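S.K.: The structure file structure_9.txt (compact mmCIF, C-alpha atoms and all ligand atoms) is provided below.
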# COMPACT_ATOMS: atom_id res chain seq x y z
CA MET P 10 23.58 134.83 37.62
CA SER P 11 22.18 137.83 39.44
CA LEU P 12 24.59 140.08 41.31
CA LEU P 13 24.54 140.02 45.12
CA PRO P 14 24.00 143.39 46.87
CA VAL P 15 27.06 144.53 48.85
CA ALA P 16 25.32 144.58 52.25
CA GLU P 17 23.99 141.07 51.71
CA ALA P 18 27.43 139.79 50.71
CA GLN P 19 28.97 141.43 53.80
CA GLY P 20 26.29 139.89 56.02
CA ARG P 21 26.81 136.43 54.55
CA LEU P 22 30.58 136.65 54.95
CA LEU P 23 30.34 137.78 58.57
CA ALA P 24 27.91 134.93 59.26
CA MET P 25 30.42 132.45 57.78
CA ALA P 26 33.06 133.45 60.36
CA GLN P 27 33.06 133.70 64.16
CA PRO P 28 35.31 135.62 66.55
CA LEU P 29 38.23 133.25 67.12
CA PRO P 30 38.71 131.47 70.46
CA ASP P 31 40.53 133.34 73.21
CA GLU P 32 44.20 132.94 74.00
CA SER P 33 46.22 134.46 76.80
CA VAL P 34 47.98 137.61 75.55
CA ALA P 35 50.66 139.47 77.52
CA ILE P 36 49.32 142.99 77.96
CA ALA P 37 52.34 144.49 76.17
CA GLN P 38 51.13 142.59 73.08
CA ALA P 39 47.44 143.41 73.49
CA ALA P 40 47.22 146.88 71.90
CA GLY P 41 45.02 146.96 68.81
CA ARG P 42 43.14 143.79 69.81
CA TRP P 43 39.47 143.68 70.83
CA THR P 44 38.10 142.50 74.15
CA THR P 45 35.24 139.99 73.94
CA SER P 46 34.41 140.07 77.66
CA ASP P 47 34.34 142.81 80.29
CA ILE P 48 37.62 143.39 82.11
CA ALA P 49 37.22 144.15 85.81
CA ALA P 50 39.73 145.53 88.31
CA ARG P 51 41.57 142.91 90.36
CA ARG P 52 42.74 145.59 92.78
CA THR P 53 41.77 149.03 94.09
CA GLN P 54 43.76 152.00 92.78
CA PRO P 55 45.23 153.74 94.67
CA ALA P 56 45.32 150.93 97.20
CA SER P 57 45.82 153.49 100.05
CA ASP P 58 45.52 157.24 100.54
CA LEU P 59 48.67 158.63 98.87
CA SER P 60 50.41 161.97 98.81
CA ALA P 61 50.05 163.76 95.47
CA MET P 62 53.06 166.03 96.18
CA ASP P 63 56.52 166.11 97.74
CA GLY P 64 56.22 167.77 101.16
CA TYR P 65 55.13 166.99 104.72
CA ALA P 66 52.16 165.05 106.06
CA ILE P 67 50.57 166.93 108.97
CA ARG P 68 47.38 167.18 111.02
CA TYR P 69 45.47 170.17 109.63
CA ALA P 70 44.32 171.12 113.15
CA ASP P 71 48.00 171.95 113.90
CA MET P 72 48.10 174.76 111.33
CA PRO P 73 50.08 177.04 111.19
CA GLY P 74 52.72 174.86 112.91
CA PRO P 75 55.61 174.63 113.56
CA TRP P 76 56.06 170.83 113.46
CA ARG P 77 58.65 168.32 114.57
CA VAL P 78 59.60 165.89 111.75
CA ILE P 79 59.40 162.33 113.13
CA GLY P 80 60.08 160.22 110.04
CA GLU P 81 59.66 159.71 106.32
CA SER P 82 57.14 158.07 103.99
CA ALA P 83 58.46 157.36 100.48
CA ALA P 84 56.77 155.57 97.55
CA GLY P 85 57.30 151.89 98.26
CA ALA P 86 58.44 152.54 101.88
CA ALA P 87 55.56 153.67 104.09
CA PHE P 88 56.06 155.26 107.54
CA GLY P 89 55.11 152.72 110.19
CA GLY P 90 54.15 155.00 113.07
CA GLU P 91 51.42 157.53 113.80
CA VAL P 92 51.52 161.32 113.50
CA LYS P 93 50.55 162.97 116.78
CA PRO P 94 49.74 166.64 117.47
CA GLY P 95 52.66 168.89 116.55
CA GLU P 96 54.33 166.21 114.42
CA ALA P 97 54.98 165.92 110.69
CA VAL P 98 56.30 163.18 108.41
CA ARG P 99 58.47 163.94 105.38
CA ILE P 100 56.47 162.55 102.44
CA TYR P 101 56.98 162.12 98.70
CA THR P 102 54.63 161.86 95.72
CA GLY P 103 53.00 158.44 95.61
CA ALA P 104 53.87 157.60 99.26
CA VAL P 105 51.24 156.29 101.69
CA MET P 106 49.77 158.86 104.07
CA PRO P 107 50.81 158.01 107.63
CA ASP P 108 48.16 157.30 110.26
CA GLY P 109 47.12 160.42 112.11
CA ALA P 110 48.03 162.84 109.28
CA ASP P 111 45.23 164.27 107.15
CA THR P 112 46.87 166.92 104.93
CA VAL P 113 50.06 167.50 102.93
CA ILE P 114 51.99 170.78 102.86
CA VAL P 115 54.14 171.13 99.74
CA GLN P 116 57.83 171.55 100.51
CA GLU P 117 57.92 174.94 98.74
CA ASP P 118 55.72 176.31 101.57
CA ILE P 119 57.98 175.44 104.50
CA THR P 120 61.44 176.12 105.88
CA SER P 121 63.21 173.21 107.51
CA ALA P 122 65.87 173.44 110.24
CA ASP P 123 67.06 171.09 113.02
CA GLY P 124 64.33 168.51 112.45
CA ARG P 125 61.59 171.13 112.60
CA ILE P 126 59.54 172.75 109.85
CA THR P 127 57.96 176.18 109.85
CA LEU P 128 55.28 177.45 107.51
CA THR P 129 56.76 180.20 105.31
CA GLY P 130 54.40 179.98 102.33
CA ASP P 131 50.59 179.94 101.89
CA GLY P 132 50.14 176.42 103.30
CA PRO P 133 47.63 173.80 102.15
CA GLY P 134 44.54 176.03 102.41
CA ALA P 135 42.15 173.21 103.33
CA LEU P 136 41.94 169.97 105.25
CA GLY P 137 42.85 166.95 103.11
CA LYS P 138 44.86 168.88 100.53
CA HIS P 139 47.25 167.02 98.16
CA ILE P 140 45.95 163.54 98.99
CA ARG P 141 44.86 160.96 96.40
CA ARG P 142 42.22 158.90 98.14
CA ALA P 143 42.24 155.10 98.10
CA GLY P 144 39.96 153.94 95.27
CA SER P 145 39.69 157.41 93.71
CA ASP P 146 40.79 155.95 90.33
CA PHE P 147 38.89 152.63 90.53
CA ARG P 148 37.89 149.91 92.96
CA GLU P 149 38.41 146.14 92.90
CA GLY P 150 35.62 144.40 90.99
CA GLN P 151 34.67 147.51 89.01
CA THR P 152 34.26 146.93 85.24
CA LEU P 153 36.94 149.05 83.60
CA ILE P 154 37.02 147.90 79.97
CA PRO P 155 33.79 146.68 78.45
CA ALA P 156 33.61 143.83 75.93
CA GLY P 157 34.09 145.06 72.38
CA THR P 158 36.78 147.65 73.18
CA ALA P 159 39.74 148.12 70.83
CA LEU P 160 42.63 148.20 73.27
CA THR P 161 44.74 151.36 73.10
CA PRO P 162 47.91 152.09 75.08
CA ARG P 163 45.60 153.89 77.54
CA HIS P 164 43.66 150.66 78.12
CA ILE P 165 46.94 148.74 78.46
CA ALA P 166 48.05 151.10 81.24
CA LEU P 167 44.66 150.72 82.92
CA ALA P 168 44.75 146.91 82.67
CA ALA P 169 48.26 146.85 84.17
CA LEU P 170 47.19 149.08 87.08
CA ALA P 171 44.12 146.90 87.52
CA GLY P 172 46.37 143.93 88.21
CA TRP P 173 46.41 142.18 84.82
CA GLY P 174 49.63 140.88 83.28
CA ALA P 175 47.86 139.02 80.47
CA LEU P 176 44.37 139.15 79.03
CA ALA P 177 42.15 136.54 77.38
CA LEU P 178 41.63 137.84 73.84
CA PRO P 179 40.65 136.24 70.52
CA ARG P 180 43.68 134.69 68.88
CA LEU P 181 45.00 136.44 65.78
CA PRO P 182 43.37 135.54 62.47
CA ARG P 183 45.98 133.94 60.17
CA ILE P 184 45.69 135.16 56.62
CA ALA P 185 47.29 133.69 53.50
CA ILE P 186 47.63 135.84 50.37
CA LEU P 187 47.96 134.19 47.01
CA SER P 188 48.55 136.14 43.77
CA SER P 189 47.27 134.45 40.64
CA GLY P 190 48.55 135.44 37.22
CA ALA P 191 51.09 134.25 34.64
CA GLU P 192 51.95 137.91 33.94
CA LEU P 193 53.03 138.73 37.50
CA VAL P 194 56.62 139.39 38.60
CA PRO P 195 57.73 140.34 42.11
CA PRO P 196 57.88 144.11 42.80
CA GLY P 197 61.23 145.50 41.65
CA ALA P 198 62.03 142.56 39.34
CA ALA P 199 62.69 143.06 35.60
CA CYS P 200 59.34 143.32 33.87
CA GLY P 201 58.72 142.51 30.19
CA PRO P 202 56.06 144.08 27.93
CA ASP P 203 53.58 141.31 28.74
CA GLN P 204 54.30 141.33 32.46
CA ILE P 205 53.22 143.44 35.43
CA PRO P 206 54.61 143.81 38.94
CA ALA P 207 52.48 141.97 41.50
CA SER P 208 51.20 144.92 43.53
CA ASN P 209 48.14 143.34 45.11
CA SER P 210 49.89 141.20 47.70
CA VAL P 211 52.00 144.06 49.06
CA MET P 212 48.94 146.31 49.01
CA LEU P 213 46.82 143.78 50.91
CA SER P 214 49.47 142.92 53.46
CA THR P 215 50.01 146.62 54.19
CA MET P 216 46.24 147.22 54.40
CA LEU P 217 46.27 144.61 57.17
CA VAL P 218 49.07 146.32 59.10
CA GLY P 219 47.48 147.77 62.21
CA LEU P 220 44.82 145.07 62.39
CA PRO P 221 45.41 142.22 64.83
CA CYS P 222 46.29 139.40 62.42
CA VAL P 223 49.18 137.39 61.03
CA VAL P 224 49.75 137.64 57.28
CA GLU P 225 51.64 135.19 55.09
CA ASP P 226 52.30 135.95 51.44
CA LEU P 227 52.21 132.67 49.51
CA GLY P 228 53.65 134.32 46.42
CA ILE P 229 52.76 134.28 42.74
CA ILE P 230 50.96 131.29 41.21
CA THR P 231 50.65 130.99 37.47
CA ASP P 232 47.23 130.77 35.74
CA GLU P 233 47.28 127.03 35.43
CA LEU P 234 44.61 124.86 37.03
CA GLY P 235 47.03 122.28 38.40
CA ALA P 236 49.39 124.88 39.88
CA LEU P 237 46.56 126.89 41.42
CA THR P 238 44.86 123.78 42.83
CA GLN P 239 48.17 122.58 44.25
CA ALA P 240 48.82 125.98 45.85
CA MET P 241 45.38 125.97 47.45
CA ARG P 242 45.78 122.39 48.68
CA SER P 243 49.07 123.30 50.34
CA VAL P 244 47.49 126.05 52.44
CA ARG P 245 47.38 124.96 56.08
CA ASP P 246 46.29 126.45 59.36
CA HIS P 247 44.96 129.68 57.96
CA ASP P 248 41.66 131.29 58.93
CA ILE P 249 41.34 133.33 55.75
CA ILE P 250 42.78 132.61 52.32
CA VAL P 251 42.73 135.58 49.95
CA SER P 252 43.56 135.33 46.29
CA THR P 253 43.70 138.12 43.75
CA GLY P 254 43.15 137.74 40.03
CA GLY P 255 41.54 134.96 38.04
CA ALA P 256 38.14 135.72 39.54
CA SER P 257 36.33 136.70 36.35
CA VAL P 258 35.04 134.78 33.37
CA GLY P 259 38.05 134.47 31.01
CA ASP P 260 39.59 131.13 30.05
CA HIS P 261 42.54 131.92 32.34
CA ASP P 262 40.34 132.87 35.30
CA LEU P 263 40.76 129.65 37.24
CA VAL P 264 40.30 130.52 40.91
CA LYS P 265 36.78 129.05 41.11
CA PRO P 266 37.61 125.71 39.45
CA ALA P 267 40.87 125.47 41.41
CA LEU P 268 39.07 126.11 44.70
CA GLU P 269 36.61 123.33 43.91
CA ALA P 270 39.36 120.98 42.70
CA ALA P 271 41.23 121.62 45.96
CA GLY P 272 38.16 120.44 47.90
CA GLY P 273 36.77 123.88 48.67
CA SER P 274 33.28 125.20 48.01
CA ILE P 275 31.87 128.41 46.64
CA ASP P 276 29.32 130.31 48.69
CA PHE P 277 28.70 133.20 46.34
CA TRP P 278 30.24 134.91 43.32
CA LYS P 279 29.72 138.35 41.77
CA ILE P 280 28.66 141.39 43.72
CA ARG P 281 26.46 144.27 42.56
CA MET P 282 29.27 146.78 42.81
CA ARG P 283 31.76 148.68 40.72
CA PRO P 284 34.64 148.07 40.97
CA GLY P 285 34.83 144.55 42.35
CA LYS P 286 32.05 142.61 40.65
CA PRO P 287 33.85 139.23 40.28
CA LEU P 288 34.47 138.69 44.03
CA ILE P 289 34.31 135.02 45.06
CA ALA P 290 33.47 133.86 48.59
CA GLY P 291 33.74 130.30 49.77
CA ARG P 292 35.44 127.86 52.07
CA LEU P 293 38.55 125.77 51.91
CA GLY P 294 38.86 123.35 54.80
CA ASP P 295 38.23 125.36 57.97
CA ALA P 296 39.29 128.57 56.27
CA LEU P 297 37.15 131.24 54.69
CA PHE P 298 38.16 131.82 51.07
CA LEU P 299 37.97 135.24 49.47
CA GLY P 300 38.81 135.57 45.79
CA LEU P 301 39.37 139.24 45.00
CA PRO P 302 39.50 140.58 41.45
CA GLY P 303 42.94 141.11 39.95
CA ASN P 304 42.57 144.74 38.95
CA PRO P 305 44.43 146.64 41.66
CA VAL P 306 41.65 149.17 42.30
CA SER P 307 39.02 146.41 42.42
CA ALA P 308 41.22 144.41 44.79
CA TYR P 309 41.66 147.49 47.00
CA VAL P 310 37.98 148.37 47.21
CA THR P 311 36.83 144.78 47.79
CA ALA P 312 39.53 144.29 50.45
CA HIS P 313 38.25 147.41 52.18
CA LEU P 314 34.62 146.31 52.05
CA PHE P 315 35.01 142.54 52.64
CA LEU P 316 38.46 141.38 53.75
CA LEU P 317 39.13 143.96 56.47
CA PRO P 318 35.64 143.51 58.01
CA ILE P 319 36.09 139.71 58.21
CA VAL P 320 39.49 140.12 59.86
CA ARG P 321 38.02 142.59 62.38
CA HIS P 322 35.06 140.27 63.01
CA MET P 323 37.31 137.25 63.64
CA ALA P 324 39.45 139.41 65.93
CA GLY P 325 36.38 140.26 68.03
CA CYS P 326 35.46 143.73 66.74
CA PRO P 327 31.72 144.32 67.34
CA THR P 328 31.45 146.88 64.50
CA PRO P 329 33.56 145.37 61.71
CA LEU P 330 32.06 147.12 58.67
CA PRO P 331 33.50 150.39 57.30
CA GLN P 332 31.86 153.44 58.84
CA MET P 333 29.78 155.57 56.50
CA ALA P 334 30.04 159.35 56.78
CA GLY P 335 28.52 162.38 55.10
CA ALA P 336 30.15 164.79 52.65
CA ARG P 337 29.19 167.13 49.81
CA LEU P 338 29.98 166.35 46.20
CA GLY P 339 32.77 168.44 44.73
CA ALA P 340 31.63 167.80 41.15
CA ALA P 341 28.54 166.81 39.20
CA MET P 342 28.18 163.05 38.77
CA PRO P 343 26.50 160.98 36.08
CA PRO P 344 23.62 158.54 36.69
CA VAL P 345 24.67 155.21 38.22
CA GLY P 346 24.22 151.97 36.27
CA GLY P 347 23.10 148.61 37.58
CA ARG P 348 25.86 148.23 40.21
CA ASP P 349 26.55 150.35 43.33
CA ASP P 350 29.41 152.65 42.46
CA TYR P 351 32.31 153.13 44.88
CA VAL P 352 33.82 156.26 43.38
CA ARG P 353 37.41 156.99 44.36
CA ALA P 354 37.54 160.59 45.56
CA GLU P 355 39.57 163.19 47.38
CA LEU P 356 37.98 164.55 50.56
CA THR P 357 38.93 168.10 51.54
CA ASP P 358 37.01 170.17 54.12
CA GLY P 359 33.94 167.94 53.83
CA VAL P 360 33.86 168.06 50.02
CA ALA P 361 34.47 164.81 48.10
CA THR P 362 35.71 165.23 44.53
CA PRO P 363 36.18 162.18 42.27
CA VAL P 364 39.78 161.55 41.20
CA VAL P 365 40.55 161.86 37.48
CA SER P 366 40.22 158.20 36.52
CA GLN P 367 37.69 155.67 37.75
CA ASP P 368 39.31 152.83 35.77
CA SER P 369 39.77 149.65 37.83
CA ALA P 370 43.43 149.58 36.85
CA ALA P 371 44.17 153.28 37.56
CA THR P 372 46.49 153.02 40.53
CA PHE P 373 47.95 156.53 40.20
CA ALA P 374 44.43 157.95 40.53
CA LEU P 375 43.67 155.54 43.40
CA ALA P 376 46.68 156.85 45.30
CA GLN P 377 45.24 160.41 45.09
CA ALA P 378 41.99 159.23 46.70
CA ASN P 379 41.30 159.27 50.42
CA CYS P 380 37.64 158.30 50.36
CA LEU P 381 35.04 156.35 48.41
CA ILE P 382 31.77 158.00 47.44
CA ARG P 383 29.07 155.33 47.59
CA ARG P 384 26.39 155.84 44.96
CA ALA P 385 23.55 153.32 44.89
CA ALA P 386 22.76 151.40 41.72
CA GLY P 387 20.13 153.19 39.63
CA SER P 388 20.68 156.65 41.22
CA GLY P 389 20.15 159.61 38.92
CA ALA P 390 22.71 162.27 38.06
CA ALA P 391 23.91 164.38 41.00
CA ARG P 392 24.91 168.05 41.13
CA ALA P 393 28.02 169.46 42.76
CA GLY P 394 27.20 170.44 46.35
CA GLU P 395 24.66 167.65 46.91
CA ASP P 396 24.98 165.44 49.97
CA ALA P 397 26.86 162.19 49.49
CA GLU P 398 27.67 159.08 51.49
CA ILE P 399 31.37 158.34 51.85
CA ILE P 400 33.76 155.85 53.39
CA THR P 401 37.07 157.39 54.40
CA LEU P 402 40.15 155.37 53.53
N1 LIG B 501 34.03 139.33 29.59
C1 LIG B 501 34.22 139.82 30.83
N2 LIG B 501 35.42 140.25 31.17
C2 LIG B 501 35.62 140.77 32.39
C3 LIG B 501 34.55 140.85 33.28
C4 LIG B 501 33.29 140.38 32.91
O1 LIG B 501 32.30 140.41 33.67
N3 LIG B 501 33.16 139.85 31.66
N4 LIG B 501 34.78 141.44 34.51
C5 LIG B 501 35.78 142.46 34.51
C6 LIG B 501 35.99 142.93 35.83
S1 LIG B 501 34.73 143.85 36.48
C7 LIG B 501 37.15 142.79 36.50
S2 LIG B 501 37.37 143.54 38.01
C8 LIG B 501 38.25 142.01 35.97
C9 LIG B 501 38.82 141.11 37.08
O2 LIG B 501 39.25 139.97 36.57
P1 LIG B 501 40.10 138.87 37.31
O3 LIG B 501 39.83 138.88 38.75
O4 LIG B 501 39.89 137.63 36.59
O5 LIG B 501 41.58 139.41 37.18
P2 LIG B 501 42.67 139.08 36.06
O6 LIG B 501 41.98 138.91 34.77
O7 LIG B 501 43.51 137.98 36.55
O8 LIG B 501 43.46 140.41 36.12
C10 LIG B 501 42.87 141.65 35.85
C11 LIG B 501 43.97 142.70 35.73
O9 LIG B 501 44.63 142.84 36.97
C12 LIG B 501 46.02 142.58 36.84
N5 LIG B 501 46.49 141.88 38.03
C13 LIG B 501 46.15 140.62 38.37
N6 LIG B 501 46.77 140.29 39.51
C14 LIG B 501 47.51 141.32 39.89
C15 LIG B 501 48.38 141.57 40.97
N7 LIG B 501 48.59 140.63 41.91
N8 LIG B 501 48.99 142.76 41.06
C16 LIG B 501 48.78 143.69 40.10
N9 LIG B 501 47.95 143.52 39.05
C17 LIG B 501 47.34 142.36 38.94
C18 LIG B 501 46.13 141.72 35.61
O10 LIG B 501 47.38 141.76 35.05
C19 LIG B 501 45.05 142.30 34.74
O11 LIG B 501 45.53 143.45 34.09
O12 LIG B 501 37.84 141.25 34.86
C20 LIG B 501 37.10 142.02 33.89
N10 LIG B 501 36.87 141.20 32.74
O1 LIG B 502 34.41 145.15 38.94
MO1 LIG B 502 35.63 145.44 37.89
O2 LIG B 502 36.33 145.70 39.34
O3 LIG B 502 34.51 146.79 37.47
O4 LIG B 502 36.66 146.48 37.13
Could I get this structure in the form of structure tokens?

M.R.:
Amino acid sequence: MSLLPVAEAQGRLLAMAQPLPDESVAIAQAAGRWTTSDIAARRTQPASDLSAMDGYAIRYADMPGPWRVIGESAAGAAFGGEVKPGEAVRIYTGAVMPDGADTVIVQEDITSADGRITLTGDGPGALGKHIRRAGSDFREGQTLIPAGTALTPRHIALAALAGWGALALPRLPRIAILSSGAELVPPGAACGPDQIPASNSVMLSTMLVGLPCVVEDLGIITDELGALTQAMRSVRDHDIIVSTGGASVGDHDLVKPALEAAGGSIDFWKIRMRPGKPLIAGRLGDALFLGLPGNPVSAYVTAHLFLLPIVRHMAGCPTPLPQMAGARLGAAMPPVGGRDDYVRAELTDGVATPVVSQDSAATFALAQANCLIRRAAGSGAARAGEDAEIITL
């Protein structure tokens, strides 16, 4: 079976999934999620001309005063009357400008006595000073947040000011993680010489932290066809099912047959990449199935290149694939074999230097890495200092 190029596998996976249908999301819960339609203002902000300072609303033509104070305008309690020549209204930041007044004098610039104010400082300097005009932030109907935006706390504040209490956003992808392997024990449990702590599920679930999704760890399933098939059959209501391990060709690598026995189908298997060759993609019911290799480094790299993009895509992200960037090589590199190499490396000041071990099981080395150098299959040897393509982690 020929190996599928990475970009083709990514394209096929993204085509297998769609952004999920919208649900109504309270804006306090919307950060980190993507908009799939434009969000327009339902109100004008500010709704009226407001004072930007604590002071007195006056008519600029009356400068330099003095003025008789006829009332007060506070935020949430506007002055009902009109300011006539020689009159001022006590005003606070965020309060509506009273009719007739056109300028605010800050309180530091005046002296107040017996209901009158006198200018004792520099004064406002110009007509219209210290006023936030109605609509100066945005106007009703204006598009504020375009489709495809990842909502930040800044967008949440904007949406709230624009009159939204909830937004229609794609519902959260539900992801099930299944660890396959008779040798696996839960992290922290006693571990015999033929056992290994199951690190992939905690790694994957923490890679998904920060993405809008719901993750359920279905635990460890032994390498036994019946058990694996049963575990897959029991998966319900998930959008993505991810397994790790059992993806390769050994007699105990049973994810493919179990997926088929559970009623699922395989779309493709084996990618032209290192690490991560044995990746399986398919379907199980309405869910997309992703079988990642068991080796922790292979599982990490394939999750970065395939799982995270699908989750982003389902959650409405218009650019779900990892961003490529440029760097210089910090060391000479050998020619690349028949698979694209995703070399684990440390990026410092624009220089990417491979970590000491590129073994697919070398987790200590993986933890030193903060980028992947992508080297295309068949590339020749490279010298230190040459340009390289990287993905930051
Ligand atoms: N004859 C061949 N052998 C292998 C091939 C091949 O093409 N021909 N491919 C190799 C490649 S490449 C990879 S990658 C591995 C992946 O194999 P599997 O996906 O079947 O993974 P396992 O065999 O189940 O496990 C591999 C390794 O990872 C450990 N593991 C498994 N699950 C976890 C987990 N949840 N947490 C931590 N570590 C885990 C497992 O104990 C093994 O040591 O196959 C090569 N073989
Ligand atoms: O693809 Mo495996 O991940 O080379 O070790």

S.K.: From the set P:Gln367, P:Thr158, P:Thr102, P:Thr152, which residue has the shortest atom-to-atom contact distance to Arg52 in chain P, counting all atoms listed in the file?

M.R.: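 For Arg52 in chain P, the nearest of the candidates is P:Thr152.
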
S.K.: Nearest to ligand LIG 502 (chain B): which of P:Asn304, P:Ser388, P:Ser252, P:Gln116 is it, counting only C-alpha atoms and all ligand atoms?

M.R.: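 Under the stated criterion, the closest residue is P:Asn304.
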
S.K.: If the limit is 8 Å from any atom of ligand LIG 501 (chain B), counting only C-alpha atoms and all ligand atoms, which residues qualify? Return them as number ranges by chain.

M.R.: P: 188-190, 192-193, 204-210, 229, 253-259, 261-262, 283-288, 300-305, 307-308, 369-370

S.K.: What does the structure give for the distance between CA of Thr372 in chain P and CA of Asp350 in chain P, in Å to one decimal?

M.R.: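 Value for the CA of Thr372 in chain P-CA of Asp350 in chain P distance: 17.2 Å.
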
S.K.: Report, in Å with one decimal, the straight-line distance from CA of Glu395 in chain P to CA of Thr362 in chain P.

M.R.: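 Interatomic distance here is 11.6 Å.
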
S.K.: As an exercise, work out the distance from CA of Asp146 in chain P to CA of Gln54 in chain P in Å and give it to one decimal place.

M.R.: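 CA of Gln54 in chain P lies at a distance of 5.5 Å from CA of Asp146 in chain P.
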
S.K.: Check the smallest atom-to-atom distance from each of P:Asp111, P:Asp368, P:Asp349, P:Glu32 to ligand LIG 502 (chain B) using only C-alpha atoms and all ligand atoms, then report the winner.

M.R.: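 Closest residue, counting only C-alpha atoms and all ligand atoms: P:Asp368.
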
S.K.: Of the candidates P:Ala393, P:Leu317, P:Val310, P:Ala87, which shows the shortest atom-to-atom distance to ligand LIG 502 (chain B), using all atoms listed in the file?

M.R.: P:Val310

S.K.: Can you check which parts of range 66-185 of chain P lie within 10 Å of range 58-61 of chain P? Per residue, the shortest pair of atoms and distance in Å to one decimal, counting only C-alpha atoms, sorted by chain and number, as a tab-separated table.

M.R.:
residue	atom	partner	partner_atom	distance
P:Ala66	CA	P:Ser60	CA	8.1
P:Ser82	CA	P:Ser60	CA	9.3
P:Ala83	CA	P:Ser60	CA	9.4
P:Ala84	CA	P:Leu59	CA	8.8
P:Ala87	CA	P:Leu59	CA	10.0
P:Ile100	CA	P:Ser60	CA	7.1
P:Tyr101	CA	P:Ser60	CA	6.6
P:Thr102	CA	P:Ala61	CA	5.0
P:Gly103	CA	P:Ser60	CA	5.4
P:Ala104	CA	P:Leu59	CA	5.3
P:Val105	CA	P:Leu59	CA	4.5
P:Met106	CA	P:Leu59	CA	5.3
P:Pro107	CA	P:Asp58	CA	8.9
P:Asp111	CA	P:Asp58	CA	9.7
P:Thr112	CA	P:Ser60	CA	8.6
P:Val113	CA	P:Ser60	CA	6.9
P:Ile114	CA	P:Ser60	CA	9.8
P:Val115	CA	P:Ala61	CA	9.4
P:Lys138	CA	P:Ala61	CA	8.9
P:His139	CA	P:Ala61	CA	5.1
P:Ile140	CA	P:Ser60	CA	4.7
P:Arg141	CA	P:Leu59	CA	5.1
P:Arg142	CA	P:Asp58	CA	4.4
P:Ala143	CA	P:Asp58	CA	4.6
P:Gly144	CA	P:Asp58	CA	8.3
P:Ser145	CA	P:Asp58	CA	9.0

S.K.: Which residue is closest to Ala49 in chain P? Choose from P:Glu91, P:Asp396, P:Asp118, P:Glu149 and count all atoms listed in the file.

M.R.: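 Checking each candidate against Ala49 in chain P, we get P:Glu149 as the closest.
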
S.K.: For Val211 in chain P, which of P:Arg183, P:Leu297, P:Phe88, P:Tyr309 is the closest residue, counting only C-alpha atoms?

M.R.: P:Tyr309

S.K.: I want to know what sits within 12 Å of Ser243 in chain P, based on all atoms listed in the file, with residues of the same chain fewer than 5 positions away left out; could you give that as a CSV table (one decimal) with C-alpha atoms, in the coordinates of the input?

M.R.:
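File written: out_2.csv
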chain,number,residue,atom,x,y,z
P,185,ALA,CA,47.3,133.7,53.5
P,187,LEU,CA,48.0,134.2,47.0
P,227,LEU,CA,52.2,132.7,49.5
P,236,ALA,CA,49.4,124.9,39.9
P,237,LEU,CA,46.6,126.9,41.4
P,238,THR,CA,44.9,123.8,42.8
P,250,ILE,CA,42.8,132.6,52.3
P,268,LEU,CA,39.1,126.1,44.7
P,271,ALA,CA,41.2,121.6,46.0
P,272,GLY,CA,38.2,120.4,47.9
P,293,LEU,CA,38.6,125.8,51.9
P,294,GLY,CA,38.9,123.4,54.8

S.K.: Quick one: residues within 7 Å of Phe298 in chain P, only C-alpha atoms, excluding same-chain residues fewer than 4 positions away - as a PyMOL selection string?

M.R.: chain P and resi 249-251+290-293

S.K.: Need the shell around Leu316 in chain P: protein/DNA/RNA residues with any atom at most 9 Å away, counting only C-alpha atoms. Skip same-chain ones fewer than 4 positions apart. Format as a ChimeraX atom specification?

M.R.: /P:249,251,299,311-312,320-321

S.K.: Would you export the selected residues with C-alpha atoms as a tab-separated table (two decimals), in the coordinates of the input, please?

M.R.:
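Below is the file out20.tsv, written as the result:
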chain	number	residue	atom	x	y	z
P	249	ILE	CA	41.34	133.33	55.75
P	251	VAL	CA	42.73	135.58	49.95
P	299	LEU	CA	37.97	135.24	49.47
P	311	THR	CA	36.83	144.78	47.79
P	312	ALA	CA	39.53	144.29	50.45
P	320	VAL	CA	39.49	140.12	59.86
P	321	ARG	CA	38.02	142.59	62.38

S.K.: Could you add whatever atoms are missing so that range 226-232 of chain P carries N, CA and C atoms, then write the result as a short mmCIF file (atom, residue, chain, number, x, y, z; two decimals), in the frame of the given file?

M.R.:
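Result saved to part-v2.cif:
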data_model
loop_
_atom_site.label_atom_id
_atom_site.label_comp_id
_atom_site.auth_asym_id
_atom_site.auth_seq_id
_atom_site.Cartn_x
_atom_site.Cartn_y
_atom_site.Cartn_z
N ASP P 226 52.41 135.80 52.89
CA ASP P 226 52.30 135.95 51.44
C ASP P 226 52.77 134.64 50.80
N LEU P 227 51.87 133.96 50.11
CA LEU P 227 52.21 132.67 49.51
C LEU P 227 52.80 132.83 48.11
N GLY P 228 52.95 134.07 47.67
CA GLY P 228 53.65 134.32 46.42
C GLY P 228 52.76 134.26 45.19
N ILE P 229 53.43 134.21 44.05
CA ILE P 229 52.76 134.28 42.74
C ILE P 229 52.52 132.86 42.22
N ILE P 230 51.30 132.59 41.79
CA ILE P 230 50.96 131.29 41.21
C ILE P 230 50.49 131.53 39.78
N THR P 231 51.01 130.76 38.86
CA THR P 231 50.65 130.99 37.47
C THR P 231 49.21 130.55 37.20
N ASP P 232 48.63 131.10 36.10
CA ASP P 232 47.23 130.77 35.74
C ASP P 232 47.18 129.38 35.13
#
